[in-house]
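**Student:** File work-v1.cif follows (mmCIF, C-alpha atoms):
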```cif
data_protein
loop_
_atom_site.group_PDB
_atom_site.id
_atom_site.type_symbol
_atom_site.label_atom_id
_atom_site.label_comp_id
_atom_site.auth_asym_id
_atom_site.auth_seq_id
_atom_site.Cartn_x
_atom_site.Cartn_y
_atom_site.Cartn_z
ATOM 1 C CA MET C 1 0.000 0.000 0.000
ATOM 2 C CA TRP C 2 1.349 3.448 -0.928
ATOM 3 C CA CYS C 3 1.147 5.994 1.845
ATOM 4 C CA ALA C 4 2.544 9.487 2.321
ATOM 5 C CA ARG C 5 2.083 9.583 6.060
ATOM 6 C CA GLN C 6 3.025 7.663 9.171
ATOM 7 C CA GLY C 7 0.911 4.655 9.961
ATOM 8 C CA TRP C 8 0.866 1.052 11.071
ATOM 9 C CA ARG C 9 1.250 -2.169 9.136
ATOM 10 C CA SER C 10 1.443 -5.577 10.771
ATOM 11 C CA GLY C 11 1.810 -3.909 14.157
ATOM 12 C CA ARG C 12 4.935 -1.942 13.123
ATOM 13 C CA ALA C 13 5.243 1.786 12.583
ATOM 14 C CA PHE C 14 6.212 2.885 9.086
ATOM 15 C CA THR C 15 6.649 6.026 7.055
ATOM 16 C CA LEU C 16 6.645 6.216 3.300
ATOM 17 C CA ASP C 17 7.489 9.385 1.441
ATOM 18 C CA LEU C 18 6.020 9.360 -2.056
ATOM 19 C CA THR C 19 7.976 12.424 -3.078
ATOM 20 C CA ARG C 20 11.064 10.190 -3.287
ATOM 21 C CA PRO C 21 10.173 6.484 -3.195
ATOM 22 C CA VAL C 22 13.048 4.137 -2.607
ATOM 23 C CA ALA C 23 13.953 2.305 -5.818
ATOM 24 C CA ALA C 24 14.149 -1.190 -4.442
ATOM 25 C CA PHE C 25 12.361 -4.298 -5.448
ATOM 26 C CA TRP C 26 10.531 -7.210 -3.924
ATOM 27 C CA ALA C 27 11.440 -10.855 -4.116
ATOM 28 C CA LYS C 28 8.553 -11.454 -6.537
ATOM 29 C CA GLY C 29 9.786 -8.699 -8.856
ATOM 30 C CA GLU C 30 13.502 -9.384 -8.944
ATOM 31 C CA ASP C 31 13.325 -10.884 -12.411
ATOM 32 C CA ARG C 32 12.288 -7.425 -13.607
ATOM 33 C CA MET C 33 15.648 -5.949 -12.615
ATOM 34 C CA THR C 34 19.161 -7.017 -13.457
ATOM 35 C CA VAL C 35 20.955 -8.215 -10.344
ATOM 36 C CA CYS C 36 24.613 -7.825 -11.249
ATOM 37 C CA PHE C 37 26.261 -9.069 -8.048
ATOM 38 C CA THR C 38 25.243 -11.587 -5.382
ATOM 39 C CA THR C 39 27.128 -12.673 -2.285
ATOM 40 C CA ASP C 40 26.352 -14.422 1.002
ATOM 41 C CA ARG C 41 27.231 -13.411 4.547
ATOM 42 C CA MET C 42 26.705 -15.300 7.789
ATOM 43 C CA LEU C 43 25.289 -13.210 10.591
ATOM 44 C CA ARG C 44 27.944 -13.565 13.273
ATOM 45 C CA PHE C 45 27.747 -13.208 17.047
ATOM 46 C CA GLY C 46 29.350 -9.746 16.917
ATOM 47 C CA ASP C 47 26.687 -8.567 14.439
ATOM 48 C CA CYS C 48 23.873 -9.150 16.937
ATOM 49 C CA ASP C 49 22.510 -7.671 20.136
ATOM 50 C CA ILE C 50 22.185 -9.654 23.390
ATOM 51 C CA SER C 51 18.998 -11.382 22.134
ATOM 52 C CA GLY C 52 20.760 -12.704 19.019
ATOM 53 C CA THR C 53 18.935 -10.265 16.709
ATOM 54 C CA ALA C 54 20.886 -8.415 14.017
ATOM 55 C CA TYR C 55 22.070 -5.010 15.226
ATOM 56 C CA TYR C 56 21.457 -2.426 12.482
ATOM 57 C CA PRO C 57 24.865 -0.649 12.738
ATOM 58 C CA ALA C 58 26.468 -4.048 12.078
ATOM 59 C CA TYR C 59 24.203 -4.373 9.014
ATOM 60 C CA MET C 60 25.733 -1.161 7.641
ATOM 61 C CA ASN C 61 29.236 -2.535 8.153
ATOM 62 C CA ILE C 62 28.272 -5.783 6.387
ATOM 63 C CA LEU C 63 26.703 -3.780 3.534
ATOM 64 C CA ASN C 64 29.920 -1.774 3.170
ATOM 65 C CA GLY C 65 31.856 -5.035 2.880
ATOM 66 C CA VAL C 66 29.463 -6.216 0.164
ATOM 67 C CA VAL C 67 29.998 -2.979 -1.783
ATOM 68 C CA GLU C 68 33.769 -3.339 -1.394
ATOM 69 C CA GLU C 69 33.529 -6.915 -2.716
ATOM 70 C CA PHE C 70 31.416 -5.666 -5.663
ATOM 71 C CA TRP C 71 34.142 -3.174 -6.668
ATOM 72 C CA THR C 72 36.742 -5.968 -6.533
ATOM 73 C CA HIS C 73 34.431 -8.199 -8.592
ATOM 74 C CA ILE C 74 34.200 -5.600 -11.395
ATOM 75 C CA GLY C 75 37.964 -4.978 -11.443
ATOM 76 C CA TRP C 76 38.554 -1.952 -9.199
ATOM 77 C CA PRO C 77 39.513 -3.218 -5.738
ATOM 78 C CA TRP C 78 39.416 -0.489 -3.143
ATOM 79 C CA HIS C 79 42.971 -1.127 -1.951
ATOM 80 C CA GLU C 80 44.186 -0.220 -5.458
ATOM 81 C CA ILE C 81 41.965 2.767 -6.234
ATOM 82 C CA ILE C 82 42.425 4.215 -2.748
ATOM 83 C CA TRP C 83 46.192 3.769 -2.361
ATOM 84 C CA LYS C 84 47.415 3.913 -5.962
ATOM 85 C CA GLU C 85 44.891 6.083 -7.809
ATOM 86 C CA ARG C 86 43.782 8.176 -4.785
ATOM 87 C CA TRP C 87 40.038 8.116 -5.428
ATOM 88 C CA GLY C 88 37.180 6.470 -3.603
ATOM 89 C CA THR C 89 33.417 5.955 -3.567
ATOM 90 C CA PRO C 90 31.949 7.337 -0.344
ATOM 91 C CA THR C 91 28.262 6.821 0.365
ATOM 92 C CA VAL C 92 26.360 10.102 0.066
ATOM 93 C CA HIS C 93 22.827 8.705 0.475
ATOM 94 C CA LEU C 94 21.495 5.605 2.181
ATOM 95 C CA SER C 95 17.871 4.598 2.672
ATOM 96 C CA CYS C 96 16.957 1.315 4.351
ATOM 97 C CA ASP C 97 13.823 -0.654 5.112
ATOM 98 C CA PHE C 98 13.958 -3.603 7.489
ATOM 99 C CA SER C 99 11.121 -6.033 6.759
ATOM 100 C CA LYS C 100 11.876 -8.877 9.178
ATOM 101 C CA PRO C 101 14.552 -9.465 11.799
ATOM 102 C CA SER C 102 17.607 -11.573 11.147
ATOM 103 C CA PHE C 103 19.274 -13.687 13.787
ATOM 104 C CA PHE C 104 22.701 -14.971 14.814
ATOM 105 C CA GLY C 105 23.664 -17.797 12.425
ATOM 106 C CA ASP C 106 21.405 -16.727 9.532
ATOM 107 C CA LYS C 107 22.947 -16.953 6.063
ATOM 108 C CA LEU C 108 22.029 -13.689 4.319
ATOM 109 C CA THR C 109 22.114 -13.306 0.544
ATOM 110 C CA PHE C 110 22.900 -9.788 -0.695
ATOM 111 C CA ARG C 111 21.768 -8.896 -4.235
ATOM 112 C CA LEU C 112 23.147 -5.683 -5.727
ATOM 113 C CA THR C 113 21.668 -3.910 -8.740
ATOM 114 C CA VAL C 114 23.064 -0.866 -10.566
ATOM 115 C CA LEU C 115 20.135 1.515 -11.034
ATOM 116 C CA LYS C 116 21.798 4.611 -12.467
ATOM 117 C CA VAL C 117 25.256 5.825 -13.381
ATOM 118 C CA GLY C 118 25.661 9.587 -13.291
ATOM 119 C CA LYS C 119 28.585 11.843 -14.167
ATOM 120 C CA SER C 120 30.127 11.242 -10.746
ATOM 121 C CA SER C 121 27.502 9.212 -8.885
ATOM 122 C CA LEU C 122 26.232 5.648 -8.770
ATOM 123 C CA ARG C 123 22.793 4.604 -7.505
ATOM 124 C CA LEU C 124 22.521 1.032 -6.245
ATOM 125 C CA ALA C 125 19.662 -1.104 -4.967
ATOM 126 C CA HIS C 126 20.321 -3.940 -2.559
ATOM 127 C CA THR C 127 17.971 -6.638 -1.348
ATOM 128 C CA VAL C 128 18.876 -8.968 1.458
ATOM 129 C CA HIS C 129 17.246 -12.364 1.896
ATOM 130 C CA CYS C 130 17.544 -15.332 4.203
ATOM 131 C CA GLY C 131 16.581 -18.234 1.975
ATOM 132 C CA ASP C 132 13.418 -17.108 0.182
ATOM 133 C CA GLU C 133 12.486 -14.606 2.906
ATOM 134 C CA HIS C 134 13.054 -10.896 2.235
ATOM 135 C CA ARG C 135 14.778 -9.260 5.226
ATOM 136 C CA TRP C 136 15.761 -5.727 4.190
ATOM 137 C CA SER C 137 16.213 -3.388 1.223
ATOM 138 C CA VAL C 138 18.573 -0.517 0.617
ATOM 139 C CA GLU C 139 18.960 2.292 -1.876
ATOM 140 C CA GLN C 140 22.485 3.687 -1.843
ATOM 141 C CA VAL C 141 24.190 6.470 -3.741
ATOM 142 C CA LEU C 142 27.973 6.496 -4.060
ATOM 143 C CA ALA C 143 29.992 9.458 -5.328
ATOM 144 C CA ALA C 144 33.317 9.301 -7.140
ATOM 145 C CA SER C 145 35.668 11.423 -5.066
ATOM 146 C CA TRP C 146 39.301 12.501 -5.038
ATOM 147 C CA LEU C 147 40.706 11.477 -1.661
ATOM 148 C CA ASP C 148 43.335 14.186 -1.336
ATOM 149 C CA SER C 149 41.053 17.153 -2.074
ATOM 150 C CA HIS C 150 37.767 15.559 -0.910
ATOM 151 C CA THR C 151 36.013 16.783 -4.049
ATOM 152 C CA SER C 152 33.840 14.968 -6.539
ATOM 153 C CA MET C 153 35.348 13.700 -9.742
ATOM 154 C CA VAL C 154 34.010 12.427 -13.044
ATOM 155 C CA TRP C 155 34.078 8.632 -13.299
ATOM 156 C CA PRO C 156 37.094 7.391 -15.263
ATOM 157 C CA GLU C 157 35.818 6.346 -18.709
ATOM 158 C CA ASP C 158 36.564 2.641 -18.232
ATOM 159 C CA VAL C 159 34.870 2.580 -14.819
ATOM 160 C CA LYS C 160 31.769 4.348 -16.132
ATOM 161 C CA ALA C 161 31.570 1.999 -19.135
ATOM 162 C CA LYS C 162 31.775 -1.052 -16.862
ATOM 163 C CA LEU C 163 29.114 0.296 -14.483
ATOM 164 C CA GLU C 164 26.787 1.157 -17.374
ATOM 165 C CA SER C 165 27.247 -2.334 -18.825
ATOM 166 C CA LEU C 166 25.829 -3.763 -15.585
ATOM 167 C CA MET C 167 22.537 -1.885 -15.860
ATOM 168 C CA GLY C 168 19.451 -3.648 -17.177
ATOM 169 C CA PRO C 169 17.143 -2.131 -19.775
ATOM 170 C CA ALA C 170 15.559 1.110 -18.561
ATOM 171 C CA GLU C 171 12.034 -0.152 -19.129
ATOM 172 C CA ALA C 172 12.691 -3.065 -16.762
ATOM 173 C CA LEU C 173 13.247 -0.756 -13.810
ATOM 174 C CA GLU C 174 10.110 -0.625 -11.757
ATOM 175 C CA ARG C 175 9.966 1.750 -8.810
ATOM 176 C CA ARG C 176 8.244 0.333 -5.767
ATOM 177 C CA PRO C 177 8.223 1.657 -2.246
ATOM 178 C CA VAL C 178 10.140 -0.285 0.359
ATOM 179 C CA GLY C 179 7.831 -1.320 3.170
ATOM 180 C CA GLY C 180 5.221 -3.388 1.382
ATOM 181 C CA PRO C 181 4.076 -4.645 -1.961
ATOM 182 C CA GLN C 182 2.606 -2.168 -4.408
ATOM 183 C CA ALA C 183 -1.166 -2.295 -4.689
ATOM 184 C CA GLN C 184 -2.367 -4.005 -7.850
ATOM 185 C CA THR C 185 -4.308 -1.759 -10.244
#
```
The structure in this file should be written as structure tokens.
**Tutor:**
Amino acid sequence: MWCARQGWRSGRAFTLDLTRPVAAFWAKGEDRMTVCFTTDRMLRFGDCDISGTAYYPAYMNILNGVVEEFWTHIGWPWHEIIWKERWGTPTVHLSCDFSKPSFFGDKLTFRLTVLKVGKSSLRLAHTVHCGDEHRWSVEQVLAASWLDSHTSMVWPEDVKAKLESLMGPAEALERRPVGGPQAQT
């Protein structure tokens, strides 16, 4: 259900802002988007609170590791671009929706999709599942940045070409709010 106010769903508070819906996707709709990178992570003891439930700051650290692994996968490992080329990809926007809790010992599957490549930015969608169960979704924007001057930079041509090659067809991108399935019309 789309909603532009605070409310309740399944006993949990939620807020959806229709002025900028998060571009994530649901398990049922993943075939509509091109997932370009998938990796698994075990939820470890140190990632959880005293009850064994995933602690959200640890989720952000795990997500950062997934993004670092993605950059290595496409040929630009952070240890090379940071130390040798002196540029990086800091996160400048992050929007998350946690659908169900995860617990110590869960094997989480992270699916990363390139949504948009800008002049110096990259918009990613992530979905995280445990088996077939959707756990959380993320929209993330990275910015190409010179490390010494802390200023934005244009993507190197080869990097931009690689990122653009990972995008699916534009008509396949379907924007849905994170927080619940879109109402059928």
**Student:** In Å, with one decimal, what is the gap from CA of Cys36 (chain C) to CA of Cys48 (chain C)?
**Tutor:**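 Result for CA of Cys36 (chain C) versus CA of Cys48 (chain C): 28.2 Å, one decimal.
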**Student:** Can you list, as a CSV table (one decimal) with C-alpha atoms, keeping the file's coordinate frame, the residues that the PyMOL selection byres ((chain C and resi 74) around 10) selects here?
**Tutor:**
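Written output follows (expr.csv):
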```csv
chain,number,residue,atom,x,y,z
C,36,CYS,CA,24.6,-7.8,-11.2
C,37,PHE,CA,26.3,-9.1,-8.0
C,69,GLU,CA,33.5,-6.9,-2.7
C,70,PHE,CA,31.4,-5.7,-5.7
C,71,TRP,CA,34.1,-3.2,-6.7
C,72,THR,CA,36.7,-6.0,-6.5
C,73,HIS,CA,34.4,-8.2,-8.6
C,75,GLY,CA,38.0,-5.0,-11.4
C,76,TRP,CA,38.6,-2.0,-9.2
C,77,PRO,CA,39.5,-3.2,-5.7
C,159,VAL,CA,34.9,2.6,-14.8
C,162,LYS,CA,31.8,-1.1,-16.9
C,163,LEU,CA,29.1,0.3,-14.5
C,166,LEU,CA,25.8,-3.8,-15.6
```
**Student:** Which residues fall under the PyMOL selection byres ((chain C and resi 105-116) around 8) in this file, as a count of residues only?
**Tutor:** 34
**Student:** For CA of Ser121 (chain C) and CA of Glu157 (chain C), determine how far apart the two atoms are, in Å to one decimal place.
**Tutor:**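 CA of Glu157 (chain C) lies 13.2 Å from CA of Ser121 (chain C).
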**Student:** Given all atoms listed in the file as the basis, pick out the residue of C:His93, C:Lys119, C:Lys84, C:His79 nearest to Leu142 (chain C).
**Tutor:**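 With all atoms listed in the file as the atom set, the closest residue is C:His93.
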**Student:** If I take CA of Trp87 (chain C) and CA of Gln140 (chain C), how far is one from the other in Å, to one decimal?
**Tutor:**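 Taking CA of Trp87 (chain C) as the start and CA of Gln140 (chain C) as the end point, the length is 18.5 Å.
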**Student:** Nearest residue to Glu139 (chain C) out of C:Thr53, C:Ser95, C:Thr89, C:Asn64, using all atoms listed in the file?
**Tutor:**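 Checking each of C:Thr53, C:Ser95, C:Thr89, C:Asn64 against Glu139 (chain C), counting all atoms listed in the file, the winner is C:Ser95.
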**Student:** For each of C:Ala54, C:Ser137, C:Lys160, C:Leu63, take the minimum atom-to-atom distance to Asp97 (chain C), counting all atoms listed in the file, then give the residue where this is smallest.
**Tutor:** C:Ser137
